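Engineer: Got upload_12.pdb for you, PDB, N, CA and C atoms:
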```
ATOM      1  N   MET A   1     155.716  72.106 244.495
ATOM      2  CA  MET A   1     157.066  72.621 244.361
ATOM      3  C   MET A   1     157.324  73.555 245.542
ATOM      4  N   SER A   2     158.440  73.394 246.193
ATOM      5  CA  SER A   2     158.745  74.185 247.371
ATOM      6  C   SER A   2     159.055  75.629 246.977
ATOM      7  N   VAL A   3     159.032  76.499 247.978
ATOM      8  CA  VAL A   3     159.302  77.916 247.732
ATOM      9  C   VAL A   3     160.691  78.126 247.147
ATOM     10  N   PRO A   4     161.772  77.543 247.730
ATOM     11  CA  PRO A   4     163.092  77.750 247.124
ATOM     12  C   PRO A   4     163.164  77.228 245.698
ATOM     13  N   LEU A   5     162.579  76.062 245.461
ATOM     14  CA  LEU A   5     162.622  75.495 244.116
ATOM     15  C   LEU A   5     161.842  76.371 243.149
ATOM     16  N   ARG A   6     160.693  76.861 243.563
ATOM     17  CA  ARG A   6     159.900  77.757 242.735
ATOM     18  C   ARG A   6     160.691  79.033 242.426
ATOM     19  N   PHE A   7     161.380  79.560 243.446
ATOM     20  CA  PHE A   7     162.187  80.766 243.289
ATOM     21  C   PHE A   7     163.260  80.565 242.216
ATOM     22  N   PHE A   8     163.976  79.441 242.288
ATOM     23  CA  PHE A   8     165.042  79.187 241.328
ATOM     24  C   PHE A   8     164.487  78.937 239.928
ATOM     25  N   ALA A   9     163.360  78.271 239.841
ATOM     26  CA  ALA A   9     162.739  78.043 238.534
ATOM     27  C   ALA A   9     162.342  79.360 237.896
ATOM     28  N   ILE A  10     161.782  80.264 238.686
ATOM     29  CA  ILE A  10     161.383  81.572 238.171
ATOM     30  C   ILE A  10     162.617  82.362 237.736
ATOM     31  N   CYS A  11     163.666  82.323 238.555
ATOM     32  CA  CYS A  11     164.905  83.021 238.185
ATOM     33  C   CYS A  11     165.462  82.477 236.883
ATOM     34  N   LEU A  12     165.404  81.160 236.731
ATOM     35  CA  LEU A  12     165.890  80.548 235.496
ATOM     36  C   LEU A  12     165.080  81.025 234.306
ATOM     37  N   ILE A  13     163.788  81.033 234.448
ATOM     38  CA  ILE A  13     162.918  81.469 233.355
ATOM     39  C   ILE A  13     163.177  82.929 233.008
ATOM     40  N   LEU A  14     163.423  83.759 234.005
ATOM     41  CA  LEU A  14     163.685  85.177 233.755
ATOM     42  C   LEU A  14     165.062  85.401 233.142
ATOM     43  N   THR A  15     165.984  84.499 233.391
ATOM     44  CA  THR A  15     167.351  84.656 232.911
ATOM     45  C   THR A  15     167.504  84.236 231.461
ATOM     46  N   ILE A  16     166.947  83.135 231.082
ATOM     47  CA  ILE A  16     167.180  82.572 229.752
ATOM     48  C   ILE A  16     166.731  83.498 228.627
ATOM     49  N   PRO A  17     165.560  84.137 228.683
ATOM     50  CA  PRO A  17     165.165  84.982 227.554
ATOM     51  C   PRO A  17     166.111  86.144 227.274
ATOM     52  N   VAL A  18     166.849  86.596 228.284
ATOM     53  CA  VAL A  18     167.766  87.721 228.094
ATOM     54  C   VAL A  18     168.799  87.403 227.027
ATOM     55  N   LYS A  19     169.271  86.171 226.990
ATOM     56  CA  LYS A  19     170.304  85.806 226.038
ATOM     57  C   LYS A  19     169.779  84.956 224.889
ATOM     58  N   ALA A  20     168.512  84.638 224.891
ATOM     59  CA  ALA A  20     167.966  83.732 223.880
ATOM     60  C   ALA A  20     168.187  84.239 222.463
ATOM     61  N   MET A  21     168.177  85.526 222.285
ATOM     62  CA  MET A  21     168.343  86.093 220.960
ATOM     63  C   MET A  21     169.763  85.877 220.429
ATOM     64  N   CYS A  22     170.707  85.558 221.293
ATOM     65  CA  CYS A  22     172.101  85.409 220.906
ATOM     66  C   CYS A  22     172.467  83.983 220.516
ATOM     67  N   PHE A  23     171.559  83.040 220.667
ATOM     68  CA  PHE A  23     171.887  81.644 220.397
ATOM     69  C   PHE A  23     172.169  81.433 218.917
ATOM     70  N   GLN A  24     173.277  80.787 218.644
ATOM     71  CA  GLN A  24     173.625  80.398 217.284
ATOM     72  C   GLN A  24     173.303  78.924 217.058
ATOM     73  N   ASN A  25     173.396  78.137 218.136
ATOM     74  CA  ASN A  25     173.051  76.714 218.060
ATOM     75  C   ASN A  25     172.606  76.242 219.435
ATOM     76  N   GLN A  26     172.143  75.002 219.493
ATOM     77  CA  GLN A  26     171.562  74.497 220.721
ATOM     78  C   GLN A  26     172.528  74.451 221.898
ATOM     79  N   ASN A  27     173.809  74.328 221.654
ATOM     80  CA  ASN A  27     174.763  74.245 222.749
ATOM     81  C   ASN A  27     175.072  75.590 223.391
ATOM     82  N   ASP A  28     174.610  76.680 222.774
ATOM     83  CA  ASP A  28     174.840  78.003 223.348
ATOM     84  C   ASP A  28     174.117  78.204 224.676
ATOM     85  N   ILE A  29     173.116  77.394 224.956
ATOM     86  CA  ILE A  29     172.400  77.509 226.223
ATOM     87  C   ILE A  29     173.233  76.947 227.373
ATOM     88  N   SER A  30     174.178  76.079 227.074
ATOM     89  CA  SER A  30     175.012  75.472 228.115
ATOM     90  C   SER A  30     175.934  76.503 228.741
ATOM     91  N   GLY A  31     176.194  76.327 230.007
ATOM     92  CA  GLY A  31     177.118  77.207 230.714
ATOM     93  C   GLY A  31     176.504  77.789 231.968
ATOM     94  N   LYS A  32     177.215  78.724 232.547
ATOM     95  CA  LYS A  32     176.768  79.367 233.781
ATOM     96  C   LYS A  32     175.931  80.592 233.440
ATOM     97  N   TRP A  33     174.793  80.715 234.126
ATOM     98  CA  TRP A  33     173.871  81.815 233.907
ATOM     99  C   TRP A  33     173.566  82.486 235.223
ATOM    100  N   ILE A  34     173.498  83.807 235.204
ATOM    101  CA  ILE A  34     173.133  84.569 236.395
ATOM    102  C   ILE A  34     171.785  85.237 236.130
ATOM    103  N   SER A  35     170.962  85.294 237.149
ATOM    104  CA  SER A  35     169.640  85.895 236.990
ATOM    105  C   SER A  35     169.765  87.394 236.742
ATOM    106  N   THR A  36     168.711  87.982 236.238
ATOM    107  CA  THR A  36     168.722  89.424 235.970
ATOM    108  C   THR A  36     168.859  90.228 237.254
ATOM    109  N   LYS A  37     168.499  89.651 238.388
ATOM    110  CA  LYS A  37     168.642  90.325 239.683
ATOM    111  C   LYS A  37     169.985  90.008 240.343
ATOM    112  N   ASN A  38     170.823  89.245 239.662
ATOM    113  CA  ASN A  38     172.144  88.863 240.174
ATOM    114  C   ASN A  38     172.070  88.159 241.527
ATOM    115  N   ASN A  39     171.023  87.356 241.741
ATOM    116  CA  ASN A  39     170.878  86.695 243.036
ATOM    117  C   ASN A  39     170.944  85.170 242.967
ATOM    118  N   VAL A  40     171.144  84.627 241.798
ATOM    119  CA  VAL A  40     171.301  83.177 241.667
ATOM    120  C   VAL A  40     172.118  82.881 240.409
ATOM    121  N   ILE A  41     172.982  81.884 240.508
ATOM    122  CA  ILE A  41     173.757  81.410 239.354
ATOM    123  C   ILE A  41     173.438  79.930 239.190
ATOM    124  N   ILE A  42     173.116  79.560 237.970
ATOM    125  CA  ILE A  42     172.844  78.163 237.658
ATOM    126  C   ILE A  42     173.805  77.698 236.571
ATOM    127  N   ASP A  43     173.998  76.408 236.523
ATOM    128  CA  ASP A  43     174.811  75.803 235.478
ATOM    129  C   ASP A  43     173.891  74.962 234.607
ATOM    130  N   VAL A  44     173.793  75.329 233.333
ATOM    131  CA  VAL A  44     172.974  74.578 232.383
ATOM    132  C   VAL A  44     173.905  73.649 231.622
ATOM    133  N   TYR A  45     173.531  72.380 231.584
ATOM    134  CA  TYR A  45     174.367  71.378 230.927
ATOM    135  C   TYR A  45     173.487  70.392 230.179
ATOM    136  N   LYS A  46     174.092  69.684 229.253
ATOM    137  CA  LYS A  46     173.351  68.777 228.387
ATOM    138  C   LYS A  46     173.630  67.327 228.763
ATOM    139  N   VAL A  47     172.563  66.552 228.815
ATOM    140  CA  VAL A  47     172.657  65.108 229.019
ATOM    141  C   VAL A  47     171.868  64.478 227.884
ATOM    142  N   ALA A  48     172.553  63.756 227.033
ATOM    143  CA  ALA A  48     171.945  63.193 225.822
ATOM    144  C   ALA A  48     171.377  64.343 224.998
ATOM    145  N   ASP A  49     170.082  64.371 224.740
ATOM    146  CA  ASP A  49     169.495  65.452 223.936
ATOM    147  C   ASP A  49     168.685  66.431 224.780
ATOM    148  N   GLN A  50     168.837  66.374 226.098
ATOM    149  CA  GLN A  50     168.081  67.255 226.985
ATOM    150  C   GLN A  50     169.014  68.125 227.818
ATOM    151  N   PHE A  51     168.516  69.295 228.178
ATOM    152  CA  PHE A  51     169.270  70.202 229.024
ATOM    153  C   PHE A  51     168.784  70.101 230.462
ATOM    154  N   HIS A  52     169.724  70.252 231.374
ATOM    155  CA  HIS A  52     169.462  70.224 232.804
ATOM    156  C   HIS A  52     170.148  71.450 233.403
ATOM    157  N   ALA A  53     169.764  71.799 234.636
ATOM    158  CA  ALA A  53     170.412  72.916 235.316
ATOM    159  C   ALA A  53     170.456  72.645 236.809
ATOM    160  N   LYS A  54     171.528  73.130 237.437
ATOM    161  CA  LYS A  54     171.654  73.006 238.878
ATOM    162  C   LYS A  54     172.115  74.331 239.461
ATOM    163  N   VAL A  55     171.821  74.510 240.728
ATOM    164  CA  VAL A  55     172.158  75.740 241.441
ATOM    165  C   VAL A  55     173.637  75.721 241.816
ATOM    166  N   LEU A  56     174.370  76.755 241.410
ATOM    167  CA  LEU A  56     175.785  76.876 241.773
ATOM    168  C   LEU A  56     175.993  77.849 242.925
ATOM    169  N   TRP A  57     175.164  78.891 242.977
ATOM    170  CA  TRP A  57     175.297  79.936 243.993
ATOM    171  C   TRP A  57     173.986  80.688 244.074
ATOM    172  N   TYR A  58     173.671  81.190 245.241
ATOM    173  CA  TYR A  58     172.544  82.108 245.390
ATOM    174  C   TYR A  58     172.812  83.037 246.561
ATOM    175  N   ASP A  59     172.167  84.159 246.526
ATOM    176  CA  ASP A  59     172.326  85.178 247.557
ATOM    177  C   ASP A  59     171.608  84.714 248.817
ATOM    178  N   ASP A  60     172.350  84.465 249.868
ATOM    179  CA  ASP A  60     171.755  83.968 251.106
ATOM    180  C   ASP A  60     171.755  85.021 252.215
ATOM    181  N   ARG A  61     171.841  86.288 251.825
ATOM    182  CA  ARG A  61     171.886  87.355 252.828
ATOM    183  C   ARG A  61     170.568  87.545 253.571
ATOM    184  N   ASP A  62     169.503  86.885 253.129
ATOM    185  CA  ASP A  62     168.220  87.020 253.817
ATOM    186  C   ASP A  62     168.256  86.396 255.211
ATOM    187  N   ASP A  63     169.175  85.465 255.452
ATOM    188  CA  ASP A  63     169.299  84.821 256.752
ATOM    189  C   ASP A  63     170.735  84.349 256.917
ATOM    190  N   LEU A  64     171.581  85.215 257.451
ATOM    191  CA  LEU A  64     173.004  84.905 257.559
ATOM    192  C   LEU A  64     173.291  83.778 258.552
ATOM    193  N   SER A  65     172.323  83.444 259.387
ATOM    194  CA  SER A  65     172.525  82.338 260.313
ATOM    195  C   SER A  65     172.419  80.985 259.598
ATOM    196  N   ARG A  66     171.879  81.001 258.373
ATOM    197  CA  ARG A  66     171.752  79.776 257.582
ATOM    198  C   ARG A  66     172.436  79.980 256.230
ATOM    199  N   PRO A  67     173.742  79.774 256.175
ATOM    200  CA  PRO A  67     174.448  79.962 254.907
ATOM    201  C   PRO A  67     173.993  78.952 253.854
ATOM    202  N   MET A  68     174.201  79.289 252.601
ATOM    203  CA  MET A  68     173.703  78.464 251.500
ATOM    204  C   MET A  68     174.240  77.043 251.531
ATOM    205  N   ARG A  69     175.401  76.824 252.062
ATOM    206  CA  ARG A  69     175.980  75.478 252.042
ATOM    207  C   ARG A  69     175.233  74.492 252.941
ATOM    208  N   ILE A  70     174.360  74.994 253.838
ATOM    209  CA  ILE A  70     173.614  74.080 254.710
ATOM    210  C   ILE A  70     172.105  74.134 254.495
ATOM    211  N   ARG A  71     171.619  75.047 253.665
ATOM    212  CA  ARG A  71     170.165  75.169 253.484
ATOM    213  C   ARG A  71     169.614  73.994 252.689
ATOM    214  N   ILE A  72     168.454  73.536 253.138
ATOM    215  CA  ILE A  72     167.798  72.417 252.472
ATOM    216  C   ILE A  72     166.425  72.841 251.958
ATOM    217  N   ASP A  73     165.852  72.011 251.150
ATOM    218  CA  ASP A  73     164.548  72.248 250.535
ATOM    219  C   ASP A  73     163.440  71.817 251.514
ATOM    220  N   ALA A  74     163.458  72.406 252.705
ATOM    221  CA  ALA A  74     162.636  71.964 253.835
ATOM    222  C   ALA A  74     161.134  72.054 253.596
ATOM    223  N   LYS A  75     160.687  72.917 252.733
ATOM    224  CA  LYS A  75     159.246  73.093 252.521
ATOM    225  C   LYS A  75     158.726  72.350 251.295
ATOM    226  N   ASN A  76     159.533  71.471 250.752
ATOM    227  CA  ASN A  76     159.094  70.700 249.599
ATOM    228  C   ASN A  76     157.894  69.846 249.998
ATOM    229  N   PRO A  77     156.817  69.874 249.215
ATOM    230  CA  PRO A  77     155.638  69.080 249.573
ATOM    231  C   PRO A  77     155.900  67.573 249.557
ATOM    232  N   GLU A  78     156.949  67.153 248.881
ATOM    233  CA  GLU A  78     157.297  65.736 248.849
ATOM    234  C   GLU A  78     158.314  65.456 249.959
ATOM    235  N   ASN A  79     157.884  64.738 250.974
ATOM    236  CA  ASN A  79     158.724  64.478 252.149
ATOM    237  C   ASN A  79     160.105  63.956 251.804
ATOM    238  N   SER A  80     160.197  63.090 250.825
ATOM    239  CA  SER A  80     161.482  62.470 250.497
ATOM    240  C   SER A  80     162.489  63.453 249.915
ATOM    241  N   LEU A  81     162.044  64.640 249.516
ATOM    242  CA  LEU A  81     162.935  65.634 248.910
ATOM    243  C   LEU A  81     163.304  66.770 249.864
ATOM    244  N   ARG A  82     162.776  66.775 251.045
ATOM    245  CA  ARG A  82     162.978  67.895 251.966
ATOM    246  C   ARG A  82     164.396  68.013 252.505
ATOM    247  N   ASN A  83     165.180  66.986 252.482
ATOM    248  CA  ASN A  83     166.541  67.046 253.020
ATOM    249  C   ASN A  83     167.591  67.334 251.959
ATOM    250  N   ARG A  84     167.164  67.634 250.738
ATOM    251  CA  ARG A  84     168.123  67.955 249.667
ATOM    252  C   ARG A  84     168.728  69.333 249.912
ATOM    253  N   LEU A  85     170.009  69.438 249.723
ATOM    254  CA  LEU A  85     170.649  70.751 249.775
ATOM    255  C   LEU A  85     170.213  71.567 248.568
ATOM    256  N   ILE A  86     169.966  72.847 248.777
ATOM    257  CA  ILE A  86     169.595  73.722 247.664
ATOM    258  C   ILE A  86     170.802  73.936 246.758
ATOM    259  N   LEU A  87     171.957  74.137 247.358
ATOM    260  CA  LEU A  87     173.179  74.309 246.580
ATOM    261  C   LEU A  87     173.485  72.998 245.867
ATOM    262  N   GLY A  88     173.548  73.029 244.559
ATOM    263  CA  GLY A  88     173.786  71.840 243.760
ATOM    264  C   GLY A  88     172.516  71.132 243.325
ATOM    265  N   MET A  89     171.361  71.623 243.792
ATOM    266  CA  MET A  89     170.095  70.983 243.454
ATOM    267  C   MET A  89     169.767  71.174 241.980
ATOM    268  N   ASP A  90     169.239  70.127 241.379
ATOM    269  CA  ASP A  90     168.754  70.226 240.008
ATOM    270  C   ASP A  90     167.455  71.019 240.007
ATOM    271  N   VAL A  91     167.378  72.044 239.165
ATOM    272  CA  VAL A  91     166.181  72.890 239.092
ATOM    273  C   VAL A  91     165.546  72.848 237.707
ATOM    274  N   LEU A  92     166.152  72.124 236.805
ATOM    275  CA  LEU A  92     165.608  72.004 235.453
ATOM    276  C   LEU A  92     166.063  70.675 234.887
ATOM    277  N   ASP A  93     165.132  69.987 234.254
ATOM    278  CA  ASP A  93     165.519  68.791 233.505
ATOM    279  C   ASP A  93     164.516  68.583 232.379
ATOM    280  N   GLY A  94     164.955  67.889 231.370
ATOM    281  CA  GLY A  94     164.067  67.571 230.265
ATOM    282  C   GLY A  94     163.822  68.688 229.267
ATOM    283  N   LEU A  95     164.585  69.766 229.324
ATOM    284  CA  LEU A  95     164.424  70.843 228.349
ATOM    285  C   LEU A  95     165.044  70.401 227.031
ATOM    286  N   VAL A  96     164.284  70.515 225.961
ATOM    287  CA  VAL A  96     164.758  70.109 224.639
ATOM    288  C   VAL A  96     164.796  71.347 223.754
ATOM    289  N   TYR A  97     165.885  71.484 223.024
ATOM    290  CA  TYR A  97     166.066  72.630 222.127
ATOM    291  C   TYR A  97     165.108  72.541 220.946
ATOM    292  N   ASN A  98     164.470  73.666 220.634
ATOM    293  CA  ASN A  98     163.578  73.767 219.482
ATOM    294  C   ASN A  98     164.243  74.693 218.469
ATOM    295  N   PRO A  99     164.803  74.160 217.394
ATOM    296  CA  PRO A  99     165.526  74.999 216.433
ATOM    297  C   PRO A  99     164.630  76.018 215.716
ATOM    298  N   GLN A 100     163.342  75.763 215.628
ATOM    299  CA  GLN A 100     162.443  76.701 214.951
ATOM    300  C   GLN A 100     162.251  77.997 215.742
ATOM    301  N   SER A 101     162.201  77.888 217.049
ATOM    302  CA  SER A 101     162.018  79.087 217.855
ATOM    303  C   SER A 101     163.298  79.522 218.533
ATOM    304  N   ASN A 102     164.401  78.745 218.300
ATOM    305  CA  ASN A 102     165.703  79.030 218.866
ATOM    306  C   ASN A 102     165.639  79.030 220.384
TER     307      ASN A 102
END
```
Would you mind writing the file out in structure tokens?
Structural biologist:
Amino acid sequence: MSVPLRFFAICLILTIPVKAMCFQNQNDISGKWISTKNNVIIDVYKVADQFHAKVLWYDDRDDLSRPMRIRIDAKNPENSLRNRLILGMDVLDGLVYNPQSN
């Protein structure tokens, strides 16, 4: 997993527990989520019975010469994925709601 992808996955994991206690049903996870550090926004959506997420925005001030609209997943260990834009990239798939643990 590339560094940017790992970063977004970690941000997603850190973001979801903050609101997990508020879920009333499985669809409450859907929508736009911002990380606790306010540096990435993802959109969680449902496809069939699984949840997916994609990057909507992230803080790109670390390198203003490379704005987020042109950054790619250049360090991905899988060559075929290195030219994917980070903006709009899927960072989560196959998440299934567990009603017992909410």
Engineer: So which residues touch Ala74 in chain A within 6.5 Å, counting only N, CA and C atoms, skipping near sequence neighbours fewer than 3 positions away, as number ranges by chain?
Structural biologist: A: 71, 81-84
Engineer: Once the PyMOL selection byres ((chain A and resi 54-59) around 6) has been evaluated on this model, what residues remain selected, and can you format them as a list in words?
Structural biologist: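 Those residues are Asn39, Val40, Ile41, Ile42, Asp43, Val44, His52, Ala53, Asp60, Arg61, Asp62, Ile86, Leu87, Gly88, Met89, Asp90, Val91 and Leu92 of chain A.
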Engineer: How far is it from CA of Pro77 in chain A to CA of Asp93 in chain A, in Å with one decimal?
Structural biologist: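 Computing it gives 18.9 Å between the two atoms.
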Engineer: For a test of reading the model, state the distance in Å between CA of Lys32 in chain A and CA of Met68 in chain A, rounded to one decimal.
Structural biologist: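 Atom-to-atom, CA of Lys32 in chain A and CA of Met68 in chain A are spaced 18.0 Å apart.
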Engineer: Expand the PyMOL selection byres (((chain A and resi 30 and name CA) around 8) and name CA) into the individual residues it matches in the shown file, reporting them as an MDAnalysis selection string.
Structural biologist: chainID A and resid 27:29 31:32 43:46 51
Engineer: Would you place a box with edges along x, y and z of the file around all atoms of range 33-49 of chain A listed there, add 6 Å to each of its six sides, and report the centre and edge lengths in Å to one decimal, as AutoDock Vina command-line options?
Structural biologist:
```
--center_x 171.7 --center_y 76.8 --center_z 233.5 --size_x 18.3 --size_y 39.1 --size_z 31.1
```
Engineer: Interatomic distance between CA of Asn98 in chain A and CA of Thr36 in chain A?
Structural biologist: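 Straight-line distance from CA of Asn98 in chain A to CA of Thr36 in chain A works out to 23.3 Å.
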Engineer: So which one's closest to Val47 in chain A, A:Pro67, A:Trp33, A:Val96, A:Ser80? Using only C-alpha atoms, please.
Structural biologist: A:Val96
